[in-house]
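Pasted below: coords05.txt, compact mmCIF, N, CA and C atoms.
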```txt
# COMPACT_ATOMS: atom_id res chain seq x y z
N MET K 1 69.05 130.17 -145.71
CA MET K 1 69.43 131.28 -146.58
C MET K 1 68.22 131.72 -147.39
N ALA K 2 68.32 132.94 -147.91
CA ALA K 2 67.28 133.44 -148.79
C ALA K 2 67.36 132.71 -150.13
N ASN K 3 66.27 132.77 -150.87
CA ASN K 3 66.24 132.01 -152.12
C ASN K 3 67.08 132.62 -153.24
N ASP K 4 67.63 133.82 -153.05
CA ASP K 4 68.48 134.40 -154.09
C ASP K 4 69.95 134.49 -153.69
N ILE K 5 70.34 133.79 -152.63
CA ILE K 5 71.74 133.71 -152.23
C ILE K 5 72.32 132.40 -152.77
N TYR K 6 73.44 132.49 -153.48
CA TYR K 6 74.03 131.31 -154.09
C TYR K 6 75.48 131.14 -153.64
N TYR K 7 75.87 129.89 -153.44
CA TYR K 7 77.25 129.55 -153.10
C TYR K 7 77.66 128.40 -154.02
N GLU K 8 78.69 128.62 -154.80
CA GLU K 8 79.20 127.60 -155.71
C GLU K 8 80.68 127.40 -155.44
N PHE K 9 81.16 126.18 -155.65
CA PHE K 9 82.55 125.85 -155.38
C PHE K 9 83.03 124.87 -156.44
N PHE K 10 84.20 125.14 -156.99
CA PHE K 10 84.85 124.21 -157.91
C PHE K 10 86.29 124.04 -157.46
N GLY K 11 86.75 122.80 -157.34
CA GLY K 11 88.11 122.56 -156.92
C GLY K 11 88.75 121.40 -157.65
N PHE K 12 90.06 121.44 -157.74
CA PHE K 12 90.83 120.37 -158.36
C PHE K 12 92.10 120.17 -157.55
N VAL K 13 92.42 118.90 -157.24
CA VAL K 13 93.62 118.56 -156.47
C VAL K 13 94.38 117.46 -157.21
N GLN K 14 95.71 117.57 -157.25
CA GLN K 14 96.53 116.57 -157.93
C GLN K 14 97.80 116.32 -157.13
N ASN K 15 98.06 115.07 -156.84
CA ASN K 15 99.32 114.69 -156.21
C ASN K 15 100.39 114.60 -157.30
N VAL K 16 101.53 115.24 -157.06
CA VAL K 16 102.65 115.20 -157.98
C VAL K 16 103.74 114.37 -157.31
N GLU K 17 103.98 113.20 -157.84
CA GLU K 17 104.92 112.24 -157.24
C GLU K 17 106.26 112.88 -156.95
N GLY K 18 106.71 112.74 -155.69
CA GLY K 18 108.00 113.26 -155.28
C GLY K 18 108.03 114.76 -155.02
N TRP K 19 106.91 115.42 -155.17
CA TRP K 19 106.89 116.86 -155.01
C TRP K 19 105.87 117.32 -153.97
N GLY K 20 104.71 116.71 -153.92
CA GLY K 20 103.64 117.09 -153.00
C GLY K 20 102.30 117.12 -153.70
N THR K 21 101.37 117.82 -153.13
CA THR K 21 100.02 117.93 -153.68
C THR K 21 99.73 119.39 -153.98
N ILE K 22 99.19 119.63 -155.17
CA ILE K 22 98.81 120.98 -155.56
C ILE K 22 97.30 121.01 -155.78
N GLY K 23 96.73 122.17 -155.57
CA GLY K 23 95.29 122.30 -155.77
C GLY K 23 94.93 123.71 -156.19
N VAL K 24 93.77 123.82 -156.79
CA VAL K 24 93.22 125.11 -157.17
C VAL K 24 91.72 125.03 -156.91
N ASN K 25 91.15 126.12 -156.41
CA ASN K 25 89.70 126.16 -156.29
C ASN K 25 89.18 127.57 -156.46
N LEU K 26 87.94 127.64 -156.88
CA LEU K 26 87.25 128.90 -157.11
C LEU K 26 85.92 128.83 -156.38
N THR K 27 85.64 129.85 -155.60
CA THR K 27 84.38 129.95 -154.89
C THR K 27 83.61 131.15 -155.44
N TYR K 28 82.31 131.00 -155.54
CA TYR K 28 81.45 132.10 -155.97
C TYR K 28 80.32 132.23 -154.96
N LEU K 29 80.18 133.42 -154.38
CA LEU K 29 79.12 133.68 -153.42
C LEU K 29 78.42 134.96 -153.81
N THR K 30 77.11 134.88 -154.03
CA THR K 30 76.32 136.07 -154.27
C THR K 30 75.38 136.24 -153.09
N TYR K 31 75.24 137.49 -152.65
CA TYR K 31 74.44 137.79 -151.46
C TYR K 31 72.98 138.07 -151.80
N GLY K 32 72.58 137.87 -153.03
CA GLY K 32 71.20 138.13 -153.43
C GLY K 32 70.99 139.59 -153.78
N LYS K 33 69.73 139.95 -153.95
CA LYS K 33 69.38 141.33 -154.30
C LYS K 33 69.25 142.16 -153.03
N ILE K 34 69.83 143.36 -153.08
CA ILE K 34 69.73 144.30 -151.98
C ILE K 34 69.22 145.62 -152.55
N ILE K 35 68.22 146.19 -151.93
CA ILE K 35 67.66 147.46 -152.38
C ILE K 35 68.53 148.60 -151.87
N ARG K 36 69.00 149.43 -152.79
CA ARG K 36 69.83 150.59 -152.42
C ARG K 36 68.91 151.79 -152.22
N THR K 37 69.05 152.44 -151.08
CA THR K 37 68.25 153.62 -150.76
C THR K 37 69.15 154.80 -150.43
N THR K 38 68.56 155.97 -150.38
CA THR K 38 69.26 157.17 -149.93
C THR K 38 68.45 157.79 -148.80
N GLU K 39 68.87 158.96 -148.34
CA GLU K 39 68.15 159.63 -147.26
C GLU K 39 66.74 160.04 -147.70
N THR K 40 66.58 160.32 -149.00
CA THR K 40 65.30 160.83 -149.49
C THR K 40 64.56 159.88 -150.43
N VAL K 41 65.29 158.98 -151.07
CA VAL K 41 64.65 158.07 -152.03
C VAL K 41 64.59 156.68 -151.41
N LEU K 42 63.40 156.12 -151.33
CA LEU K 42 63.24 154.81 -150.71
C LEU K 42 63.90 153.70 -151.52
N LYS K 43 63.75 153.74 -152.84
CA LYS K 43 64.40 152.71 -153.67
C LYS K 43 65.11 153.41 -154.81
N LYS K 44 66.43 153.37 -154.75
CA LYS K 44 67.21 154.03 -155.79
C LYS K 44 67.68 153.02 -156.83
N ALA K 45 68.06 151.83 -156.38
CA ALA K 45 68.56 150.81 -157.31
C ALA K 45 68.55 149.46 -156.60
N THR K 46 68.76 148.43 -157.38
CA THR K 46 68.90 147.08 -156.83
C THR K 46 70.35 146.66 -157.01
N LEU K 47 71.00 146.28 -155.91
CA LEU K 47 72.39 145.83 -155.96
C LEU K 47 72.42 144.31 -155.94
N ARG K 48 73.46 143.75 -156.54
CA ARG K 48 73.70 142.31 -156.50
C ARG K 48 75.15 142.05 -156.09
N PRO K 49 75.46 142.21 -154.80
CA PRO K 49 76.85 142.03 -154.36
C PRO K 49 77.29 140.57 -154.46
N MET K 50 78.58 140.39 -154.72
CA MET K 50 79.15 139.05 -154.82
C MET K 50 80.61 139.06 -154.41
N MET K 51 81.13 137.84 -154.14
CA MET K 51 82.53 137.67 -153.79
C MET K 51 83.02 136.38 -154.44
N SER K 52 84.26 136.40 -154.93
CA SER K 52 84.78 135.23 -155.60
C SER K 52 86.29 135.09 -155.35
N PRO K 53 86.69 134.26 -154.37
CA PRO K 53 88.11 134.01 -154.16
C PRO K 53 88.63 132.88 -155.06
N LEU K 54 89.82 133.07 -155.58
CA LEU K 54 90.55 132.03 -156.32
C LEU K 54 91.73 131.64 -155.47
N ARG K 55 91.88 130.33 -155.20
CA ARG K 55 92.90 129.85 -154.25
C ARG K 55 93.81 128.83 -154.94
N LEU K 56 95.12 129.00 -154.75
CA LEU K 56 96.13 128.03 -155.18
C LEU K 56 96.74 127.44 -153.91
N SER K 57 96.86 126.11 -153.87
CA SER K 57 97.32 125.44 -152.64
C SER K 57 98.44 124.47 -152.93
N TYR K 58 99.27 124.27 -151.89
CA TYR K 58 100.36 123.31 -151.97
C TYR K 58 100.50 122.64 -150.60
N GLY K 59 100.59 121.32 -150.59
CA GLY K 59 100.78 120.58 -149.36
C GLY K 59 101.84 119.51 -149.53
N ILE K 60 102.54 119.18 -148.44
CA ILE K 60 103.63 118.21 -148.52
C ILE K 60 103.79 117.51 -147.17
N PRO K 61 104.11 116.21 -147.19
CA PRO K 61 104.47 115.56 -145.93
C PRO K 61 105.81 116.09 -145.44
N LEU K 62 105.85 116.52 -144.18
CA LEU K 62 107.10 117.02 -143.60
C LEU K 62 107.86 115.90 -142.89
N THR K 63 107.11 115.00 -142.26
CA THR K 63 107.66 113.78 -141.66
C THR K 63 106.64 112.68 -141.92
N SER K 64 106.86 111.51 -141.36
CA SER K 64 105.90 110.42 -141.57
C SER K 64 104.57 110.69 -140.88
N SER K 65 104.53 111.59 -139.90
CA SER K 65 103.28 111.86 -139.20
C SER K 65 102.82 113.32 -139.26
N LEU K 66 103.60 114.17 -139.90
CA LEU K 66 103.27 115.60 -139.95
C LEU K 66 103.26 116.08 -141.40
N SER K 67 102.17 116.77 -141.77
CA SER K 67 102.06 117.37 -143.11
C SER K 67 101.78 118.85 -142.95
N GLY K 68 102.20 119.62 -143.94
CA GLY K 68 101.98 121.06 -143.92
C GLY K 68 101.45 121.54 -145.24
N GLY K 69 100.76 122.66 -145.22
CA GLY K 69 100.22 123.21 -146.46
C GLY K 69 100.11 124.71 -146.39
N ILE K 70 100.05 125.31 -147.58
CA ILE K 70 99.90 126.75 -147.72
C ILE K 70 98.97 127.00 -148.90
N SER K 71 98.12 128.00 -148.74
CA SER K 71 97.24 128.44 -149.83
C SER K 71 97.37 129.94 -149.98
N ALA K 72 97.45 130.39 -151.20
CA ALA K 72 97.43 131.82 -151.51
C ALA K 72 96.13 132.09 -152.26
N LYS K 73 95.44 133.15 -151.87
CA LYS K 73 94.18 133.43 -152.53
C LYS K 73 94.06 134.89 -152.93
N VAL K 74 93.43 135.07 -154.07
CA VAL K 74 93.07 136.38 -154.58
C VAL K 74 91.56 136.49 -154.39
N ILE K 75 91.13 137.52 -153.67
CA ILE K 75 89.72 137.69 -153.34
C ILE K 75 89.17 138.87 -154.12
N TYR K 76 88.20 138.61 -154.99
CA TYR K 76 87.51 139.67 -155.72
C TYR K 76 86.17 139.91 -155.03
N SER K 77 85.91 141.14 -154.64
CA SER K 77 84.67 141.47 -153.95
C SER K 77 83.99 142.63 -154.66
N HIS K 78 82.73 142.43 -155.00
CA HIS K 78 81.95 143.47 -155.67
C HIS K 78 80.70 143.73 -154.83
N LEU K 79 80.68 144.88 -154.14
CA LEU K 79 79.54 145.22 -153.30
C LEU K 79 78.54 146.10 -154.03
N SER K 80 79.04 147.08 -154.79
CA SER K 80 78.15 148.03 -155.45
C SER K 80 78.88 148.71 -156.60
N GLU K 81 78.09 149.18 -157.56
CA GLU K 81 78.66 149.96 -158.65
C GLU K 81 78.95 151.39 -158.22
N LEU K 82 78.27 151.84 -157.16
CA LEU K 82 78.35 153.23 -156.72
C LEU K 82 78.74 153.32 -155.26
N GLY K 83 79.29 154.47 -154.88
CA GLY K 83 79.55 154.73 -153.48
C GLY K 83 78.29 155.17 -152.76
N ALA K 84 78.36 155.26 -151.46
CA ALA K 84 77.21 155.74 -150.67
C ALA K 84 77.26 157.26 -150.58
N ALA K 85 76.10 157.89 -150.69
CA ALA K 85 75.94 159.35 -150.57
C ALA K 85 76.91 160.07 -151.50
N ALA K 86 77.85 160.86 -150.94
CA ALA K 86 78.74 161.68 -151.76
C ALA K 86 80.04 160.96 -152.15
N GLU K 87 80.19 159.70 -151.78
CA GLU K 87 81.42 158.97 -152.10
C GLU K 87 81.54 158.77 -153.60
N LYS K 88 82.73 158.92 -154.11
CA LYS K 88 83.01 158.71 -155.53
C LYS K 88 83.73 157.38 -155.70
N GLY K 89 83.41 156.66 -156.74
CA GLY K 89 84.05 155.38 -157.02
C GLY K 89 83.07 154.23 -156.91
N SER K 90 83.61 153.03 -156.99
CA SER K 90 82.75 151.85 -156.91
C SER K 90 83.14 150.99 -155.72
N GLY K 91 82.20 150.20 -155.26
CA GLY K 91 82.42 149.32 -154.13
C GLY K 91 82.99 147.99 -154.57
N THR K 92 84.08 148.03 -155.32
CA THR K 92 84.73 146.82 -155.83
C THR K 92 86.18 146.81 -155.35
N SER K 93 86.65 145.62 -154.93
CA SER K 93 88.02 145.54 -154.43
C SER K 93 88.60 144.16 -154.71
N THR K 94 89.91 144.10 -154.75
CA THR K 94 90.63 142.84 -154.89
C THR K 94 91.66 142.78 -153.76
N GLY K 95 91.70 141.64 -153.07
CA GLY K 95 92.63 141.49 -151.95
C GLY K 95 93.41 140.19 -152.05
N LEU K 96 94.44 140.08 -151.24
CA LEU K 96 95.29 138.89 -151.19
C LEU K 96 95.33 138.37 -149.77
N ALA K 97 95.41 137.05 -149.62
CA ALA K 97 95.52 136.46 -148.28
C ALA K 97 96.20 135.09 -148.38
N LEU K 98 96.76 134.65 -147.26
CA LEU K 98 97.39 133.33 -147.15
C LEU K 98 96.70 132.51 -146.08
N ASP K 99 96.65 131.20 -146.30
CA ASP K 99 96.20 130.24 -145.30
C ASP K 99 97.35 129.27 -145.05
N LEU K 100 97.61 128.93 -143.79
CA LEU K 100 98.66 127.98 -143.42
C LEU K 100 98.04 126.86 -142.60
N GLY K 101 98.51 125.64 -142.80
CA GLY K 101 97.95 124.54 -142.03
C GLY K 101 98.94 123.44 -141.74
N LEU K 102 98.69 122.72 -140.64
CA LEU K 102 99.47 121.54 -140.24
C LEU K 102 98.49 120.42 -139.91
N LEU K 103 98.87 119.20 -140.24
CA LEU K 103 98.08 118.02 -139.92
C LEU K 103 99.02 117.00 -139.27
N TYR K 104 98.73 116.64 -138.03
CA TYR K 104 99.57 115.73 -137.27
C TYR K 104 98.81 114.43 -136.99
N ARG K 105 99.33 113.32 -137.50
CA ARG K 105 98.73 112.01 -137.25
C ARG K 105 99.34 111.43 -135.98
N ILE K 106 98.58 111.47 -134.89
CA ILE K 106 99.06 110.97 -133.60
C ILE K 106 99.21 109.45 -133.65
N ASP K 107 98.22 108.79 -134.21
CA ASP K 107 98.25 107.36 -134.50
C ASP K 107 97.23 107.13 -135.61
N PRO K 108 97.07 105.91 -136.12
CA PRO K 108 96.13 105.70 -137.23
C PRO K 108 94.69 106.10 -136.92
N ARG K 109 94.36 106.24 -135.64
CA ARG K 109 92.98 106.56 -135.28
C ARG K 109 92.76 107.99 -134.80
N MET K 110 93.85 108.76 -134.63
CA MET K 110 93.73 110.13 -134.14
C MET K 110 94.57 111.10 -134.95
N THR K 111 93.95 112.25 -135.27
CA THR K 111 94.62 113.28 -136.05
C THR K 111 94.33 114.65 -135.43
N LEU K 112 95.33 115.51 -135.43
CA LEU K 112 95.18 116.88 -134.96
C LEU K 112 95.50 117.82 -136.12
N GLY K 113 94.61 118.75 -136.37
CA GLY K 113 94.83 119.73 -137.43
C GLY K 113 94.85 121.15 -136.88
N LEU K 114 95.73 121.98 -137.39
CA LEU K 114 95.83 123.39 -137.01
C LEU K 114 95.84 124.23 -138.28
N ALA K 115 95.13 125.36 -138.25
CA ALA K 115 95.10 126.24 -139.42
C ALA K 115 95.07 127.70 -139.01
N LEU K 116 95.79 128.51 -139.73
CA LEU K 116 95.71 129.97 -139.63
C LEU K 116 95.21 130.44 -140.99
N THR K 117 94.13 131.19 -141.00
CA THR K 117 93.53 131.57 -142.28
C THR K 117 93.40 133.08 -142.41
N ASN K 118 93.34 133.52 -143.63
CA ASN K 118 93.12 134.92 -144.00
C ASN K 118 94.23 135.85 -143.49
N LEU K 119 95.46 135.40 -143.60
CA LEU K 119 96.60 136.25 -143.22
C LEU K 119 96.91 137.19 -144.37
N GLY K 120 96.79 138.47 -144.14
CA GLY K 120 97.07 139.42 -145.20
C GLY K 120 96.51 140.78 -144.90
N PRO K 121 96.64 141.69 -145.86
CA PRO K 121 96.18 143.07 -145.64
C PRO K 121 94.66 143.16 -145.65
N ASP K 122 94.15 144.27 -145.12
CA ASP K 122 92.73 144.56 -145.17
C ASP K 122 92.30 144.81 -146.61
N ILE K 123 91.00 144.68 -146.85
CA ILE K 123 90.44 144.97 -148.17
C ILE K 123 89.86 146.37 -148.14
N SER K 124 90.24 147.22 -149.10
CA SER K 124 89.73 148.59 -149.16
C SER K 124 88.84 148.75 -150.38
N TYR K 125 87.77 149.48 -150.19
CA TYR K 125 86.85 149.78 -151.29
C TYR K 125 87.04 151.24 -151.67
N ILE K 126 86.07 152.09 -151.47
CA ILE K 126 86.15 153.48 -151.90
C ILE K 126 87.06 154.29 -150.98
N ASP K 127 86.86 154.17 -149.68
CA ASP K 127 87.60 154.96 -148.70
C ASP K 127 88.68 154.08 -148.06
N VAL K 128 89.94 154.27 -148.46
CA VAL K 128 91.02 153.42 -147.94
C VAL K 128 91.27 153.64 -146.46
N SER K 129 90.75 154.75 -145.89
CA SER K 129 90.91 154.95 -144.45
C SER K 129 89.90 154.13 -143.64
N GLN K 130 88.96 153.46 -144.32
CA GLN K 130 87.98 152.61 -143.66
C GLN K 130 88.00 151.21 -144.30
N PRO K 131 89.11 150.49 -144.17
CA PRO K 131 89.20 149.17 -144.81
C PRO K 131 88.34 148.13 -144.09
N THR K 132 88.05 147.07 -144.81
CA THR K 132 87.36 145.92 -144.24
C THR K 132 88.42 144.91 -143.86
N ARG K 133 88.38 144.45 -142.63
CA ARG K 133 89.38 143.49 -142.15
C ARG K 133 89.20 142.16 -142.88
N CYS K 134 90.28 141.62 -143.35
CA CYS K 134 90.31 140.24 -143.85
C CYS K 134 90.58 139.41 -142.60
N ARG K 135 89.54 139.03 -141.91
CA ARG K 135 89.62 138.51 -140.55
C ARG K 135 90.48 137.25 -140.44
N GLU K 136 91.59 137.37 -139.71
CA GLU K 136 92.46 136.22 -139.48
C GLU K 136 91.80 135.33 -138.43
N THR K 137 91.88 134.04 -138.66
CA THR K 137 91.35 133.10 -137.68
C THR K 137 92.32 131.95 -137.49
N GLY K 138 92.29 131.39 -136.32
CA GLY K 138 93.06 130.19 -136.02
C GLY K 138 92.09 129.10 -135.61
N ARG K 139 92.32 127.90 -136.08
CA ARG K 139 91.43 126.79 -135.77
C ARG K 139 92.25 125.56 -135.45
N SER K 140 91.70 124.74 -134.59
CA SER K 140 92.28 123.44 -134.33
C SER K 140 91.17 122.41 -134.36
N VAL K 141 91.50 121.23 -134.84
CA VAL K 141 90.53 120.14 -134.95
C VAL K 141 91.18 118.87 -134.45
N TRP K 142 90.49 118.15 -133.63
CA TRP K 142 90.93 116.84 -133.11
C TRP K 142 89.97 115.82 -133.68
N HIS K 143 90.50 114.83 -134.40
CA HIS K 143 89.63 113.83 -135.01
C HIS K 143 90.05 112.43 -134.59
N GLY K 144 89.12 111.66 -134.11
CA GLY K 144 89.38 110.27 -133.75
C GLY K 144 88.40 109.35 -134.45
N LYS K 145 88.87 108.16 -134.81
CA LYS K 145 88.00 107.18 -135.48
C LYS K 145 87.48 106.17 -134.49
```
Please rewrite the model in this file as C-alpha cells.
Amino acid sequence: MANDIYYEFFGFVQNVEGWGTIGVNLTYLTYGKIIRTTETVLKKATLRPMMSPLRLSYGIPLTSSLSGGISAKVIYSHLSELGAAAEKGSGTSTGLALDLGLLYRIDPRMTLGLALTNLGPDISYIDVSQPTRCRETGRSVWHGK
C-alpha cells in the first residue's frame, strides 16, 4: 500500500449467557491523497476519500454442530466534497447492508463455514441513476486441524 493509506479496526464481542453472542465493530479506511483535476486545470484540489462501516452482529448456536450469525452494517463513504465537472452535490453517501453466515462443525478437527456478504441496496452518491454496487459475495471455507 501507499504510505498515506490507512486501515484501522476496532471490535468488541460479548457472549450473553442463554442468548448468544453480540458484537460491534468499526472500520476506518482512508485511500490517501488524490489530486483532483479538470479538463483544463491540472491540479484543482487534493481529495482525501475515506470509508467507515459500523457493524452490529449477532450469532447463536442452532444445534450442537451448527451456528448461525447475522451482521447489519451502516456504511459511510466520503469520496469528495464536490461533484465532477458540472455535477452538483457532494460525493458522500451512507448505505446499509447485511452479512449472513453459517458455521458447521463436522467433527472436532473439521469445520465448514459459509457466508453471504454485502446484501443490500446499491450506494448512490451525486447521480442516483449511476449507483455503486454494494457487491454481494458468497464464500465458503473448509478448515481442518
Selection: 8 Å around Ser67 (chain K), only C-alpha atoms, excl. self and same-chain fewer than 6 positions, as an NGL selection string: :K and (59-61 or 102-104)
For Ser93 (chain K), list every protein, DNA or RNA residue within 6 Å, evaluated using all atoms listed in the file, and leave out those in the same chain fewer than 3 positions away; present the list as a PyMOL selection string. chain K and resi 75-78+124-125
Would you list the contacts of region 12-29 of chain K as a count of residues only, taking every protein, DNA or RNA residue within 5 Å and counting only N, CA and C atoms, but skipping same-chain residues closer than 4 positions in sequence? 14
Which residue of K:Ile34, K:Ala45, K:Leu100, K:Ile106 approaches Ser65 (chain K) most closely, using all atoms listed in the file: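 Closest candidate: K:Ile106.
Distance-wise, atom N of Thr137 (chain K) and CA of Pro108 (chain K) end up 28.7 Å apart.
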Using only C-alpha atoms: which of K:Val74, K:Ala97, K:Leu79, K:Leu119 has the shortest distance to Lys33 (chain K):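 The shortest atom-to-atom distance to Lys33 (chain K) comes from K:Leu79.
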Hey, which of K:Leu47, K:Gly32, K:Arg139, K:Leu96 ends up closest to Asn3 (chain K)? Count only N, CA and C atoms.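 The closest residue to Asn3 (chain K) is K:Gly32.
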Smallest atom-to-atom distance to Ser71 (chain K): which of K:Asp122, K:Lys145, K:Leu98, K:Gly138, using only C-alpha atoms?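 When distances to Ser71 (chain K) are compared using only C-alpha atoms, the smallest one comes from K:Leu98.
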List as a PyMOL selection string the protein and nucleic acid residues near Asp99 (chain K), meaning an atom at most 8 Å away when all atoms listed in the file are counted, but skip any in the same chain fewer than 6 places from it. chain K and resi 69-73+115-120
Coordinates-based distance that separates atom N of Ser80 (chain K) from CA of Arg36 (chain K) (Å, one decimal): 10.1 Å
Quick one: of K:Arg105, K:Gly144, K:Thr40, K:Ile126, who's nearest to Ser90 (chain K), counting only N, CA and C atoms?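 The answer is K:Ile126, which sits nearest to Ser90 (chain K).
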Would you return as a PyMOL selection string the members of chain K that DSSP assigns to strand (DSSP E or B) on this structure's backbone? chain K and resi 6-16+20-30+34-36+45-47+50-61+66-80+91-107+110-119+123+132+137-144
Can you tell me how far CA of His143 (chain K) sits from CA of Ser64 (chain K), in Å to one decimal? 17.9 Å
Region 90-109 of chain K, all listed atoms, 4 Å padding on each side: what axis-aligned box centre and edge lengths in Å to one decimal come out, as JSON?
```
{"center_x": 90.9, "center_y": 129.4, "center_z": -145.3, "size_x": 25.4, "size_y": 55.3, "size_z": 31.4}
```
So which one's closest to Gly91 (chain K), K:Ala2, K:Thr46, K:Ile123, K:Leu114? Using only C-alpha atoms, please.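 Once distances to Gly91 (chain K) are computed over only C-alpha atoms, the minimum belongs to K:Ile123.
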Can you spit out region 45-85 of chain K with C-alpha atoms, as a PDB file, in the first residue's frame, from the structure just given?
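Output below, filename result-v8.pdb:
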```pdb
ATOM      1  CA  ALA K  45      -7.648  20.285  -5.225  1.00  0.00           C
ATOM      2  CA  THR K  46      -6.439  17.443  -3.058  1.00  0.00           C
ATOM      3  CA  LEU K  47      -9.075  14.899  -2.031  1.00  0.00           C
ATOM      4  CA  ARG K  48      -8.893  12.588   0.966  1.00  0.00           C
ATOM      5  CA  PRO K  49     -11.536   9.893   0.366  1.00  0.00           C
ATOM      6  CA  MET K  50     -12.476   7.542   3.194  1.00  0.00           C
ATOM      7  CA  MET K  51     -14.958   4.836   4.160  1.00  0.00           C
ATOM      8  CA  SER K  52     -16.145   3.789   7.599  1.00  0.00           C
ATOM      9  CA  PRO K  53     -18.615   0.922   8.147  1.00  0.00           C
ATOM     10  CA  LEU K  54     -20.179   0.355  11.579  1.00  0.00           C
ATOM     11  CA  ARG K  55     -21.338  -3.249  12.079  1.00  0.00           C
ATOM     12  CA  LEU K  56     -23.611  -4.835  14.703  1.00  0.00           C
ATOM     13  CA  SER K  57     -23.517  -8.643  14.856  1.00  0.00           C
ATOM     14  CA  TYR K  58     -25.407 -11.477  16.492  1.00  0.00           C
ATOM     15  CA  GLY K  59     -24.547 -15.178  16.491  1.00  0.00           C
ATOM     16  CA  ILE K  60     -26.156 -18.210  18.117  1.00  0.00           C
ATOM     17  CA  PRO K  61     -25.712 -21.989  18.183  1.00  0.00           C
ATOM     18  CA  LEU K  62     -28.570 -23.516  16.184  1.00  0.00           C
ATOM     19  CA  THR K  63     -27.679 -27.124  17.034  1.00  0.00           C
ATOM     20  CA  SER K  64     -24.716 -28.776  18.742  1.00  0.00           C
ATOM     21  CA  SER K  65     -22.753 -28.637  15.469  1.00  0.00           C
ATOM     22  CA  LEU K  66     -24.289 -25.705  13.567  1.00  0.00           C
ATOM     23  CA  SER K  67     -24.072 -21.983  14.394  1.00  0.00           C
ATOM     24  CA  GLY K  68     -25.526 -19.024  12.555  1.00  0.00           C
ATOM     25  CA  GLY K  69     -24.921 -15.309  12.555  1.00  0.00           C
ATOM     26  CA  ILE K  70     -26.117 -12.050  11.079  1.00  0.00           C
ATOM     27  CA  SER K  71     -24.489  -8.635  10.854  1.00  0.00           C
ATOM     28  CA  ALA K  72     -26.114  -5.353   9.912  1.00  0.00           C
ATOM     29  CA  LYS K  73     -23.841  -2.553   8.812  1.00  0.00           C
ATOM     30  CA  VAL K  74     -24.126   1.127   8.094  1.00  0.00           C
ATOM     31  CA  ILE K  75     -21.511   2.201   5.551  1.00  0.00           C
ATOM     32  CA  TYR K  76     -20.430   5.843   5.436  1.00  0.00           C
ATOM     33  CA  SER K  77     -18.447   6.702   2.308  1.00  0.00           C
ATOM     34  CA  HIS K  78     -16.858  10.072   1.595  1.00  0.00           C
ATOM     35  CA  LEU K  79     -15.221  10.336  -1.832  1.00  0.00           C
ATOM     36  CA  SER K  80     -15.199  14.086  -2.453  1.00  0.00           C
ATOM     37  CA  GLU K  81     -16.624  17.383  -1.280  1.00  0.00           C
ATOM     38  CA  LEU K  82     -17.533  18.246  -4.878  1.00  0.00           C
ATOM     39  CA  GLY K  83     -19.048  16.579  -7.899  1.00  0.00           C
ATOM     40  CA  ALA K  84     -17.150  16.048 -11.139  1.00  0.00           C
ATOM     41  CA  ALA K  85     -17.420  18.719 -13.867  1.00  0.00           C
TER      42      ALA K  85
END
```
